[in-house]
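Right, one structure below, let's go through it.
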Amino acid sequence: MTKYVEIDRLRPNNWFLDRKKLDRIRDIWLRGEQKSANILVVTIETDLSLIDGHCRAYVAWENGARGITSNVVKLSQISGIQELYIVFHRQGPIVGVKNVWDLGRRIYDVADVTDPDIAVLLRGIRRAMGRWRRSGILWDF
């Protein structure tokens, strides 16, 4: 179901933003093309969990938008390891990611990351996202 969701109600399920992708989404926003793709949201427990569209949601918030058009689906409709989404959702506040604006402190360029643990995590997330996009689970610009 397509809904307009308030950005401050979203809890990110990804704890990092890729600087190159973020810059690309910022350019799209500046050209006025920001409405080209909805973000993907599920309900986990009582919260709205942002599954796909972290950069789009962050750029919208950064530009003063209060809400964003979202595809809100049931977690059971998302392919993949659903338990992983739940774990990331619950752990987010513990690692300092409870809201979209918290991602502003977690913008990285994978090539510049020197912490090996973060670099491995980011590479793994990028590989998984690529597989999910190719299978049609997630969308991208």
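Simple scheme: letters A, B, ... for chains in structure tokens order, numbers from 1 for residues in each chain, numbers from 1 for ligands in the order shown.
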Shell around A:Tyr58 at 12 Å using only C-alpha atoms, local window under 4 positions removed, as a VMD selection string: chain A and resid 7 to 8 10 to 12 14 to 19 21 to 23 25 to 26 29 34 39 50 52 to 54 62 to 68 99 to 107
- prompt: Could you pull out all residues of stretch 80-116 of chain A with a DSSP call of alpha helix (DSSP H) and give them as a ChimeraX atom specification?
  reply: /A:82-95,116
message: Given only C-alpha atoms as the basis, pick out the residue of A:Val42, A:Trp61, A:Ile86, A:Ser76 nearest to A:Lys3.
response: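 For A:Lys3, the nearest of the given residues is A:Val42.
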Minimum-distance residue to A:Arg90, chosen among A:Gln77, A:Thr43, A:Thr2, A:Asn13 (using only C-alpha atoms):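 Of all the options, A:Asn13 lies closest to A:Arg90.
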- prompt: A:Ala60, A:Leu48, A:Ile94, A:Cys55: which is nearest A:Lys74, counting only C-alpha atoms?
  reply: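 Of A:Ala60, A:Leu48, A:Ile94, A:Cys55, the one nearest A:Lys74, counting only C-alpha atoms, is A:Leu48.
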query: Suppose you want the space between atom CA of A:Lys20 and atom CA of A:Val97; what is it in Å?
result: 20.4 Å
message: I'd like the interatomic distance between atom CA of A:Val87 and atom CA of A:Thr69, to a tenth of an Å.
response: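 Rounded to one decimal, the two atoms are 25.2 Å apart.
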task: Counting only C-alpha atoms, figure out which residue out of A:Pro93, A:Val59, A:Val41, A:Tyr108 gets nearest to A:Leu75.
output: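 Among A:Pro93, A:Val59, A:Val41, A:Tyr108, it is A:Val41 that comes nearest to A:Leu75.
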query: What separation in Å, quoted to one decimal, exists between atom CA of A:Gly32 and atom CA of A:Val73?
result: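 Separating atom CA of A:Gly32 from atom CA of A:Val73 is a distance of 26.7 Å.
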- prompt: Which of these residues is nearest to A:Ile78, using only C-alpha atoms: A:Asn38, A:Ala57, A:Gly92, A:Ile51?
  reply: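 For A:Ile78, the nearest of the candidates is A:Ile51.
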